[in-house]
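K.L.:
File follows, entry.cif with mmCIF, C-alpha atoms:
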data_protein
#
loop_
_atom_site.label_atom_id
_atom_site.label_comp_id
_atom_site.auth_asym_id
_atom_site.auth_seq_id
_atom_site.Cartn_x
_atom_site.Cartn_y
_atom_site.Cartn_z
CA MET A 1114 24.87 0.82 -67.48
CA ARG A 1115 25.29 -2.10 -65.11
CA THR A 1116 26.02 0.32 -62.28
CA LYS A 1117 22.76 2.24 -62.89
CA ARG A 1118 20.81 -1.03 -63.08
CA PHE A 1119 22.39 -2.23 -59.85
CA ILE A 1120 21.48 1.04 -58.09
CA LEU A 1121 17.91 0.81 -59.40
CA ILE A 1122 17.50 -2.81 -58.27
CA THR A 1123 19.04 -2.03 -54.89
CA THR A 1124 16.69 0.94 -54.41
CA ILE A 1125 13.63 -1.13 -55.30
CA LEU A 1126 14.66 -3.94 -52.96
CA THR A 1127 15.32 -1.44 -50.15
CA LEU A 1128 11.86 0.10 -50.58
CA LEU A 1129 10.23 -3.34 -50.66
CA ILE A 1130 11.97 -4.39 -47.46
CA ALA A 1131 12.00 -1.11 -45.55
CA GLY A 1132 8.84 0.44 -46.95
CA PRO A 1133 6.47 -1.25 -44.49
CA LEU A 1134 8.66 -0.08 -41.63
CA LEU A 1135 8.79 3.46 -43.01
CA ILE A 1136 5.02 3.91 -43.27
CA GLY A 1137 3.63 1.10 -41.15
CA GLY A 1138 4.02 2.98 -37.89
CA LEU A 1139 1.82 5.77 -39.22
CA LEU A 1140 -1.00 3.41 -40.16
CA LEU A 1141 -0.95 0.98 -37.23
CA PRO A 1142 -3.59 1.43 -34.51
CA VAL A 1143 -2.92 4.33 -32.12
CA ARG A 1144 -0.79 3.50 -29.10
CA TYR A 1145 0.53 6.77 -27.64
CA GLN A 1146 -2.68 8.75 -27.09
CA ASP A 1147 -2.45 8.46 -23.28
CA THR A 1148 1.23 9.45 -22.98
CA PHE A 1149 2.62 12.89 -22.25
CA MET A 1150 3.15 13.46 -25.99
CA GLY A 1151 -0.42 12.32 -26.63
CA GLU A 1152 -1.57 15.75 -25.44
CA LEU A 1153 -0.18 17.50 -28.53
CA PRO A 1154 -3.23 17.01 -30.84
CA TYR A 1155 -5.55 18.28 -28.10
CA LYS A 1156 -3.49 21.45 -27.71
CA LEU A 1157 -3.62 22.08 -31.44
CA SER A 1158 -7.36 21.37 -31.53
CA ARG A 1159 -7.97 23.91 -28.75
CA LEU A 1160 -5.93 26.46 -30.67
CA GLU A 1161 -7.88 25.83 -33.88
CA ASN A 1162 -11.30 25.90 -32.23
CA ALA A 1163 -10.92 28.59 -29.56
CA PRO A 1164 -13.16 31.54 -30.47
CA GLY A 1165 -12.03 35.13 -30.78
CA LYS A 1166 -8.74 36.48 -29.45
CA ARG A 1167 -6.33 34.14 -27.71
CA ILE A 1168 -3.33 34.28 -25.40
CA ILE A 1169 -1.09 31.54 -26.79
CA VAL A 1170 1.85 30.31 -24.73
CA ILE A 1171 4.64 28.51 -26.63
CA GLY A 1172 7.68 26.81 -25.15
CA GLY A 1173 8.97 23.52 -23.81
CA SER A 1174 7.45 21.58 -20.94
CA GLY A 1175 8.64 24.34 -18.62
CA MET A 1176 5.67 26.40 -19.77
CA ALA A 1177 3.26 23.49 -19.45
CA PHE A 1178 4.21 23.46 -15.75
CA ALA A 1179 4.50 27.25 -15.36
CA VAL A 1180 1.16 28.69 -16.48
CA ASP A 1181 -2.29 28.74 -14.90
CA SER A 1182 -4.41 29.54 -17.95
CA ALA A 1183 -7.60 29.98 -15.93
CA LEU A 1184 -5.96 32.93 -14.17
CA LEU A 1185 -4.97 34.41 -17.54
CA GLU A 1186 -8.56 34.24 -18.74
CA GLN A 1187 -9.77 35.72 -15.45
CA GLU A 1188 -7.47 38.73 -15.74
CA PHE A 1189 -7.84 39.23 -19.50
CA PRO A 1190 -11.58 39.01 -20.23
CA GLY A 1191 -12.33 38.43 -23.89
CA TYR A 1192 -9.30 36.21 -24.41
CA THR A 1193 -9.10 32.41 -24.54
CA ALA A 1194 -5.90 30.94 -23.13
CA VAL A 1195 -4.11 28.15 -25.01
CA ASN A 1196 -0.99 26.57 -23.51
CA MET A 1197 1.12 25.03 -26.29
CA GLY A 1198 4.03 24.26 -23.94
CA MET A 1199 5.28 20.76 -24.77
CA TYR A 1200 8.16 18.36 -24.20
CA ALA A 1201 11.45 20.09 -25.06
CA ASP A 1202 12.61 17.08 -27.09
CA LEU A 1203 9.88 17.84 -29.64
CA GLY A 1204 11.55 21.14 -30.50
CA VAL A 1205 10.11 24.62 -30.16
CA ARG A 1206 10.52 25.29 -33.86
CA PHE A 1207 8.01 22.53 -34.64
CA LEU A 1208 5.53 24.28 -32.31
CA LEU A 1209 6.11 27.50 -34.24
CA ASP A 1210 5.41 25.62 -37.48
CA LEU A 1211 2.23 24.10 -36.01
CA THR A 1212 0.81 27.40 -34.81
CA GLU A 1213 1.97 29.94 -37.40
CA ASN A 1214 -0.92 29.57 -39.82
CA GLU A 1215 -3.47 29.44 -36.98
CA LEU A 1216 -2.74 32.96 -35.74
CA ARG A 1217 -5.44 35.59 -36.12
CA GLU A 1218 -6.02 39.27 -35.46
CA GLY A 1219 -5.87 40.24 -31.80
CA ASP A 1220 -3.91 37.19 -30.66
CA ILE A 1221 -1.16 37.55 -28.06
CA VAL A 1222 1.68 35.03 -28.36
CA ILE A 1223 4.03 34.48 -25.42
CA LEU A 1224 7.27 32.79 -26.52
CA SER A 1225 9.07 31.32 -23.52
CA PRO A 1226 11.51 28.48 -24.26
CA GLU A 1227 13.65 27.07 -21.47
CA GLN A 1228 17.09 28.63 -21.11
CA HIS A 1229 18.82 25.65 -22.69
CA THR A 1230 20.63 24.93 -25.94
CA GLN A 1231 18.02 22.41 -27.10
CA THR A 1232 14.97 24.65 -26.76
CA LEU A 1233 16.85 27.67 -28.10
CA SER A 1234 17.77 25.89 -31.32
CA CYS A 1235 16.16 24.38 -34.42
CA TRP A 1236 16.22 20.96 -32.77
CA PHE A 1237 13.57 18.53 -34.03
CA GLY A 1238 12.78 15.39 -32.03
CA ALA A 1239 11.40 12.96 -34.59
CA ARG A 1240 10.46 10.24 -32.10
CA SER A 1241 8.55 12.73 -29.95
CA ALA A 1242 6.84 14.14 -33.05
CA LEU A 1243 5.75 10.66 -34.13
CA GLN A 1244 4.36 9.88 -30.68
CA GLY A 1245 2.60 13.25 -30.51
CA THR A 1246 0.99 12.84 -33.93
CA ASP A 1247 0.10 9.16 -33.50
CA GLY A 1248 -3.36 8.79 -35.03
CA ASN A 1249 -3.20 12.38 -36.32
CA ILE A 1250 -0.71 12.03 -39.15
CA SER A 1251 -2.08 15.11 -40.94
CA MET A 1252 -0.10 17.12 -38.36
CA LEU A 1253 3.11 15.82 -39.94
CA ARG A 1254 2.53 18.16 -42.89
CA TYR A 1255 4.05 20.84 -40.70
CA VAL A 1256 7.41 19.04 -40.53
CA SER A 1257 9.91 21.19 -42.41
CA ARG A 1258 11.73 19.83 -45.44
CA GLU A 1259 15.07 19.87 -43.64
CA ASP A 1260 13.62 17.60 -40.94
CA LEU A 1261 11.99 15.02 -43.23
CA GLY A 1262 15.13 12.88 -43.31
CA THR A 1263 15.24 12.78 -39.51
CA LEU A 1264 11.55 11.85 -39.41
CA ILE A 1265 11.95 9.04 -41.95
CA GLY A 1266 14.99 7.75 -40.09
CA ALA A 1267 12.94 7.46 -36.89
CA LEU A 1268 10.03 5.59 -38.50
CA PRO A 1269 11.45 2.02 -38.39
CA GLY A 1270 12.14 2.18 -34.67
CA PHE A 1271 8.78 3.83 -34.02
CA THR A 1272 7.02 1.09 -36.00
CA LEU A 1273 8.80 -1.73 -34.17
CA GLU A 1274 7.96 -0.15 -30.83
CA LYS A 1275 4.28 0.11 -31.75
CA LEU A 1276 4.29 -3.50 -32.94
CA HIS A 1277 5.76 -4.53 -29.59
CA PHE A 1278 3.02 -2.73 -27.65
CA MET A 1279 0.39 -4.27 -29.93
CA SER A 1280 1.84 -7.74 -29.38
CA ILE A 1281 1.44 -7.44 -25.61
CA GLY A 1282 -1.87 -5.56 -25.84
CA GLU A 1283 -0.55 -2.48 -24.07
CA HIS A 1284 -1.26 1.23 -24.46
CA PRO A 1285 1.61 3.04 -22.69
CA GLU A 1286 0.59 5.87 -20.38
CA GLY A 1287 3.88 7.06 -18.97
CA ASP A 1288 4.91 7.21 -15.34
CA GLY A 1289 3.90 9.56 -12.55
CA ILE A 1290 2.95 13.01 -13.79
CA TYR A 1291 4.17 12.39 -17.33
CA ARG A 1292 0.93 11.28 -18.95
CA ARG A 1293 -1.88 13.02 -20.79
CA SER A 1294 -4.24 12.82 -17.82
CA SER A 1295 -2.02 15.37 -16.00
CA PHE A 1296 -3.07 18.13 -18.42
CA ASN A 1297 -6.19 20.22 -17.93
CA GLU A 1298 -8.47 21.54 -20.68
CA TYR A 1299 -6.16 24.52 -21.32
CA GLY A 1300 -3.06 22.38 -21.88
CA ASP A 1301 -1.55 23.20 -18.44
CA ILE A 1302 -0.03 20.58 -16.17
CA ALA A 1303 -2.41 20.66 -13.21
CA SER A 1304 -1.60 17.78 -10.90
CA PRO A 1305 -1.28 17.43 -7.13
CA LEU A 1306 1.78 15.26 -7.82
CA ALA A 1307 3.73 18.48 -8.45
CA SER A 1308 3.42 19.68 -4.87
CA ALA A 1309 7.05 20.28 -3.88
CA ASN A 1310 10.67 20.02 -4.97
CA ILE A 1311 11.60 16.33 -5.18
CA MET A 1312 15.11 16.71 -6.68
CA PRO A 1313 18.06 15.40 -4.66
CA GLY A 1314 19.84 18.52 -3.44
CA TYR A 1315 16.87 20.49 -4.82
CA TYR A 1316 18.36 20.97 -8.31
CA ASP A 1317 19.60 18.87 -11.23
CA PRO A 1318 23.34 19.42 -11.83
CA SER A 1319 23.21 17.56 -15.16
CA VAL A 1320 21.35 20.47 -16.78
CA THR A 1321 23.03 23.85 -16.60
CA VAL A 1322 20.84 26.91 -16.91
CA SER A 1323 22.85 29.35 -18.97
CA TYR A 1324 22.20 32.96 -19.93
CA ASP A 1325 25.23 33.14 -22.17
CA PRO A 1326 24.19 34.52 -25.59
CA SER A 1327 25.82 31.52 -27.27
CA VAL A 1328 22.91 29.26 -26.19
CA LEU A 1329 20.64 30.92 -28.76
CA GLU A 1330 21.26 29.40 -32.19
CA ASP A 1331 21.44 31.95 -35.02
CA ALA A 1332 19.09 29.95 -37.24
CA PHE A 1333 16.53 29.75 -34.43
CA ALA A 1334 16.74 33.50 -33.83
CA GLU A 1335 16.03 33.98 -37.53
CA ARG A 1336 13.02 31.67 -37.26
CA LEU A 1337 11.72 33.65 -34.28
CA ARG A 1338 11.96 36.91 -36.22
CA ALA A 1339 10.15 35.39 -39.20
CA TYR A 1340 7.40 34.03 -36.93
CA ALA A 1341 6.89 37.42 -35.28
CA ALA A 1342 6.79 39.18 -38.66
CA HIS A 1343 4.18 36.71 -39.94
CA ALA A 1344 2.12 37.16 -36.77
CA HIS A 1345 2.25 40.93 -37.12
CA LYS A 1346 0.90 40.73 -40.67
CA LYS A 1347 -2.06 38.77 -39.32
CA GLY A 1348 -2.72 41.35 -36.62
CA ALA A 1349 -1.25 39.28 -33.78
CA GLU A 1350 1.53 40.36 -31.44
CA VAL A 1351 4.44 38.25 -30.22
CA TYR A 1352 6.31 38.77 -26.95
CA TRP A 1353 9.35 37.09 -25.42
CA TYR A 1354 9.02 36.11 -21.77
CA PHE A 1355 11.73 34.44 -19.72
CA CYS A 1356 10.94 30.87 -18.68
CA PRO A 1357 11.32 30.07 -14.95
CA ALA A 1358 14.69 28.70 -13.89
CA ASN A 1359 15.97 27.28 -10.61
CA ARG A 1360 18.39 29.73 -9.02
CA ARG A 1361 20.63 26.87 -7.81
CA ALA A 1362 21.22 25.65 -11.36
CA VAL A 1363 22.13 28.96 -13.00
CA ASN A 1364 25.62 29.23 -14.45
CA ALA A 1365 27.11 32.42 -13.04
CA SER A 1366 29.19 33.18 -16.16
CA ALA A 1367 26.36 35.33 -17.58
CA SER A 1368 23.33 36.97 -16.01
CA PRO A 1369 19.70 37.14 -17.15
CA GLU A 1370 20.29 40.84 -17.78
CA ASP A 1371 23.16 39.95 -20.16
CA PHE A 1372 20.86 37.69 -22.15
CA TYR A 1373 18.12 40.35 -22.10
CA ASP A 1374 20.51 42.87 -23.66
CA PHE A 1375 21.50 40.32 -26.30
CA LEU A 1376 17.87 39.53 -27.12
CA TYR A 1377 17.05 43.22 -27.35
CA GLU A 1378 19.65 43.55 -30.12
CA THR A 1379 18.78 40.22 -31.77
CA LEU A 1380 14.99 40.08 -31.84
CA ASP A 1381 12.65 42.62 -33.38
CA PHE A 1382 9.69 42.10 -31.07
CA PRO A 1383 9.12 43.12 -27.41
CA ILE A 1384 10.55 41.41 -24.34
CA LEU A 1385 8.23 41.50 -21.34
CA GLY A 1386 9.16 42.06 -17.72
CA ASP A 1387 12.35 41.84 -15.70
CA PRO A 1388 14.38 38.71 -16.57
CA ALA A 1389 15.61 38.47 -12.98
CA ASN A 1390 12.06 37.60 -11.88
CA ALA A 1391 12.25 34.34 -13.84
CA VAL A 1392 15.11 33.09 -11.67
CA MET A 1393 13.24 31.61 -8.73
CA ASP A 1394 14.20 29.88 -5.48
CA GLU A 1395 14.36 26.10 -5.39
CA ALA A 1396 11.25 25.82 -3.19
CA TRP A 1397 9.07 26.75 -6.18
CA PHE A 1398 10.27 23.87 -8.39
CA PHE A 1399 9.24 20.26 -8.81
CA ASP A 1400 11.41 17.68 -10.61
CA THR A 1401 13.58 19.70 -13.02
CA ASP A 1402 15.20 23.11 -12.94
CA PHE A 1403 12.50 24.38 -15.33
CA HIS A 1404 9.37 22.65 -13.96
CA LEU A 1405 7.52 24.62 -11.31
CA ASN A 1406 5.37 22.97 -8.67
CA GLN A 1407 1.75 24.06 -8.34
CA SER A 1408 2.53 26.90 -5.92
CA GLY A 1409 5.34 28.11 -8.16
CA ARG A 1410 2.94 28.03 -11.10
CA THR A 1411 0.64 30.52 -9.36
CA VAL A 1412 3.52 32.86 -8.47
CA PHE A 1413 4.92 32.80 -12.01
CA THR A 1414 1.51 33.30 -13.67
CA VAL A 1415 0.71 36.30 -11.49
CA GLN A 1416 4.02 37.88 -12.49
CA LEU A 1417 3.26 37.18 -16.17
CA ILE A 1418 -0.17 38.78 -15.79
CA ARG A 1419 1.28 41.90 -14.18
CA ASP A 1420 4.00 42.25 -16.80
CA LEU A 1421 1.57 41.80 -19.67
CA LYS A 1422 -0.89 44.29 -18.16
CA ALA A 1423 1.90 46.83 -17.71
CA HIS A 1424 2.93 46.49 -21.35
CA LEU A 1425 -0.64 46.76 -22.63
CA GLY A 1426 -1.44 49.70 -20.37
CA ILE A 1427 -4.14 47.86 -18.41
CA SER A 1428 -4.53 49.42 -14.97
CA THR A 1429 -6.87 46.91 -13.31
CA PRO A 1430 -5.42 45.45 -10.09
CA THR A 1431 -4.28 41.84 -10.00
CA ASP A 1432 -5.83 40.67 -6.75
CA ILE A 1433 -4.65 37.07 -6.67
CA ALA A 1434 -3.43 35.66 -3.36
CA LEU A 1435 0.09 34.30 -3.57
CA PRO A 1436 0.85 30.98 -1.85
CA ALA A 1437 3.69 30.44 0.58
CA PRO A 1438 6.63 28.44 -0.78
CA PRO A 1439 6.21 24.71 -0.12
CA ALA A 1440 8.49 23.21 2.48
CA LEU A 1441 11.55 21.50 1.06
CA PRO A 1442 11.29 17.76 1.79
CA ALA A 1443 14.19 15.74 3.13
CA SER A 1444 16.57 14.98 0.28
CA GLY A 1445 16.56 11.18 0.47
CA GLY A 1446 18.01 8.55 -1.81
CA SER A 1447 21.51 8.00 -3.13
CA VAL A 1448 23.41 9.22 -6.19
CA LEU A 1449 25.45 7.11 -8.58
CA THR A 1450 28.37 9.39 -9.37
CA ALA A 1451 30.42 9.44 -12.55
CA GLY A 1452 33.47 8.30 -10.64
CA THR A 1453 31.91 5.03 -9.46
CA TRP A 1454 32.18 3.01 -12.68
CA ALA A 1455 33.50 5.31 -15.43
CA GLY A 1456 36.61 3.91 -17.08
CA ASN A 1457 36.11 0.36 -15.79
CA THR A 1458 36.97 -1.80 -18.81
CA SER A 1459 36.29 -5.18 -17.17
CA VAL A 1460 32.75 -4.81 -15.83
CA THR A 1461 30.08 -6.41 -18.05
CA GLU A 1462 26.92 -5.75 -16.00
CA ILE A 1463 26.01 -3.13 -13.41
CA THR A 1464 22.98 -3.17 -11.09
CA VAL A 1465 21.56 0.18 -10.00
CA PRO A 1466 19.63 -0.22 -6.71
CA ALA A 1467 16.08 1.09 -6.34
CA ASP A 1468 17.16 3.73 -3.82
CA VAL A 1469 19.32 5.53 -6.41
CA VAL A 1470 17.49 8.74 -7.30
CA ARG A 1471 20.08 10.28 -9.63
CA ILE A 1472 22.65 8.91 -12.07
CA GLU A 1473 25.26 11.43 -13.11
CA ASP A 1474 26.10 12.07 -16.76
CA TYR A 1475 28.97 9.96 -18.16
CA ALA A 1476 28.58 7.52 -15.25
CA PHE A 1477 29.43 4.60 -17.56
CA SER A 1478 31.80 6.33 -19.98
CA GLY A 1479 34.77 4.17 -20.91
CA CYS A 1480 33.08 0.94 -19.75
CA THR A 1481 33.95 -0.70 -23.04
CA ASN A 1482 32.80 -4.22 -22.08
CA LEU A 1483 29.63 -3.16 -20.30
CA ARG A 1484 26.63 -4.90 -21.87
CA ALA A 1485 23.80 -4.31 -19.38
CA ILE A 1486 22.80 -1.71 -16.79
CA ARG A 1487 20.09 -3.26 -14.64
CA LEU A 1488 17.76 -0.64 -13.11
CA LEU A 1489 15.75 -1.89 -10.13
CA SER A 1490 13.48 1.14 -9.67
CA HIS A 1491 9.87 0.56 -10.71
CA GLU A 1492 9.33 4.35 -10.96
CA PRO A 1493 11.44 5.89 -13.74
CA SER A 1494 10.19 9.38 -12.93
CA ARG A 1495 11.94 9.07 -9.56
CA VAL A 1496 15.37 8.58 -11.17
CA LEU A 1497 17.01 11.72 -12.51
CA VAL A 1498 19.18 11.14 -15.57
CA GLY A 1499 20.68 13.64 -17.98
CA GLU A 1500 21.41 13.80 -21.69
CA HIS A 1501 24.69 11.86 -21.48
CA LEU A 1502 23.71 8.82 -19.44
CA LEU A 1503 25.00 6.26 -21.96
CA ASP A 1504 27.77 8.27 -23.57
CA GLY A 1505 30.95 6.22 -23.89
CA CYS A 1506 29.37 2.78 -23.54
CA GLY A 1507 27.27 0.41 -25.63
CA ALA A 1508 25.17 -1.06 -22.83
CA TYR A 1509 21.43 -1.64 -22.78
CA LEU A 1510 19.23 -0.51 -19.92
CA LEU A 1511 17.38 -3.48 -18.39
CA VAL A 1512 14.25 -2.45 -16.48
CA PRO A 1513 11.93 -4.43 -14.16
CA GLU A 1514 9.23 -6.58 -15.68
CA GLY A 1515 6.10 -4.60 -16.40
CA THR A 1516 7.85 -1.21 -16.54
CA LEU A 1517 9.09 -1.18 -20.14
CA SER A 1518 6.46 1.21 -21.47
CA ALA A 1519 6.85 3.50 -18.45
CA TYR A 1520 10.58 3.81 -19.05
CA ARG A 1521 10.30 4.19 -22.83
CA THR A 1522 7.78 7.02 -22.51
CA ASP A 1523 9.30 8.67 -19.43
CA TYR A 1524 10.22 12.35 -19.69
CA ARG A 1525 13.94 11.67 -19.21
CA PHE A 1526 14.45 8.03 -20.18
CA SER A 1527 12.52 8.26 -23.47
CA ARG A 1528 15.60 9.65 -25.22
CA TYR A 1529 17.18 6.21 -24.62
CA SER A 1530 14.11 4.18 -25.62
CA ASP A 1531 15.90 2.25 -28.37
CA ARG A 1532 18.34 0.91 -25.76
CA ILE A 1533 15.80 -0.02 -23.08
CA ARG A 1534 14.87 -3.66 -22.65
CA GLU A 1535 12.74 -5.51 -20.09
CA SER A 1536 14.54 -7.81 -17.67
CA THR A 1537 13.80 -11.48 -18.08
#
Mind converting the file's structure to structure tokens?
P.N.:
Amino acid sequence: MRTKRFILITTILTLLIAGPLLIGGLLLPVRYQDTFMGELPYKLSRLENAPGKRIIVIGGSGMAFAVDSALLEQEFPGYTAVNMGMYADLGVRFLLDLTENELREGDIVILSPEQHTQTLSCWFGARSALQGTDGNISMLRYVSREDLGTLIGALPGFTLEKLHFMSIGEHPEGDGIYRRSSFNEYGDIASPLASANIMPGYYDPSVTVSYDPSVLEDAFAERLRAYAAHAHKKGAEVYWYFCPANRRAVNASASPEDFYDFLYETLDFPILGDPANAVMDEAWFFDTDFHLNQSGRTVFTVQLIRDLKAHLGISTPTDIALPAPPALPASGGSVLTAGTWAGNTSVTEITVPADVVRIEDYAFSGCTNLRAIRLLSHEPSRVLVGEHLLDGCGAYLLVPEGTLSAYRTDYRFSRYSDRIREST
């Protein structure tokens, strides 16, 4: 009896203490509407309000960078284009959940996740979802039951972060191209900032592009089949289309054709085009191995148009001039390699100079006494970091004064936002 009473009292006290943190972030004034994730409600609104038949593109940010929706509408009269491509950390499954009940007769859905384990899985990024639904909490009704625990677990940190921005009177916008103002009315990234390949060495070795069948999670494949079946019942059609990938970053252990054959046996809806066409030269990319520059976007969209026309039996010519590949700029800046500091058990603070443009994964692994990594760059979007930057160490990232919000909402650094602090 005493045990039950103790559990009850403990539960009540926990709710009294943690409750405000669990729900407060949802009710506090909006703070993330100008960030990259702040585009999500506008994409959903366009989908809901677009008249008639639609061409709906779904994937990670690779598709936000890859599609020129105006060209789609030009070549497919009678259709409205809606680009639902969003930050991969959000999770493609959540985009499927958001759009499933909005499908209608005559719609064409292009599914094109990046060729990566995160986007080809049931991954759900709670922090990204909270930022993307900030001020639009009704969208959270689409969060699946299995992800509710993850969402609730992210609420305290989200609330504290919003309180911090409120305390300094700041509305974070993001850095460089990663802000809502970079999107056009269709949901495409349309920015002159994405003019050429800016990656050191012209690719990012921290992210391997793999066409091995093992990158597609079984549960995600099941979700894809269910989505396509639901769409078909509504009179819509779903197609798989390979997302663009930088040729330099492709793991040679399996080919796009291998993955095509696997998908053909795994999915029960059509696959458009030749998968080899999605593997493009480095000159067409911008800042990741999945993000095309503006010239690459035109080339990829024209290929998508031609493949879709061929499948639908549309014989009209696609007379769109193709641009020349942008010149590859000089690959400046330095790289902090994993061998520089990894395993150093005596270092307590490391300063990363402003000219460092890439930090390799596991660069600080085994630095058991490391407490602070001081980043001197004022432009987080210019520093390439991977998914394992802080693996093997407990250090905080200290960033220059005035750049905290830029780092915490940056495309790459945002995954480390709870360990980013402003230098004093």
K.L.:
Here's the selection I'm unsure about, the PyMOL selection byres ((chain A and resi 1223) around 6); applied to the file above, which residues does it give, as an NGL selection string?
P.N.:
:A and (1170 or 1222 or 1224 or 1352-1353)
K.L.:
Quick one: everything within 10 Å of A:Thr1263, counting all atoms listed in the file, minus sequence neighbours fewer than 5 positions away in the same chain. Send it as a ChimeraX atom specification.
P.N.:
/A:1237-1240,1258,1268
K.L.:
Within 9 Å of stretch 1524-1529 of chain A, which residues of stretch 1281-1378 of chain A come that close, and what is the closest atom pair and distance in Å for each? Count all atoms listed in the file and give it as JSON lines.
P.N.:
{"residue": "A:Gly1287", "atom": "CA", "partner": "A:Tyr1524", "partner_atom": "CA", "distance": 8.3}
{"residue": "A:Asp1288", "atom": "CA", "partner": "A:Tyr1524", "partner_atom": "CA", "distance": 8.6}
{"residue": "A:Tyr1291", "atom": "CA", "partner": "A:Tyr1524", "partner_atom": "CA", "distance": 6.5}
K.L.:
By how many Å are atom CA of A:Tyr1324 and atom CA of A:Val1351 apart?
P.N.:
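It comes out at 21.2 Å.
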K.L.:
So which residues get picked by the PyMOL selection byres ((chain A and resi 1421-1433) around 9) here, written as a PyMOL selection string?
P.N.:
chain A and resi 1184+1188-1189+1385-1386+1411+1415-1420+1434-1435
K.L.:
Which residues would end up in the selection if the PyMOL selection byres ((chain A and resi 1327) around 10) were applied here, given that I need the answer as a list in words?
P.N.:
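Applying the PyMOL selection byres ((chain A and resi 1327) around 10) to the structure shown produces Thr1230, Leu1233, Ser1323, Tyr1324, Asp1325, Pro1326, Val1328, Leu1329, Glu1330, Asp1331, Phe1372 and Phe1375 of chain A.
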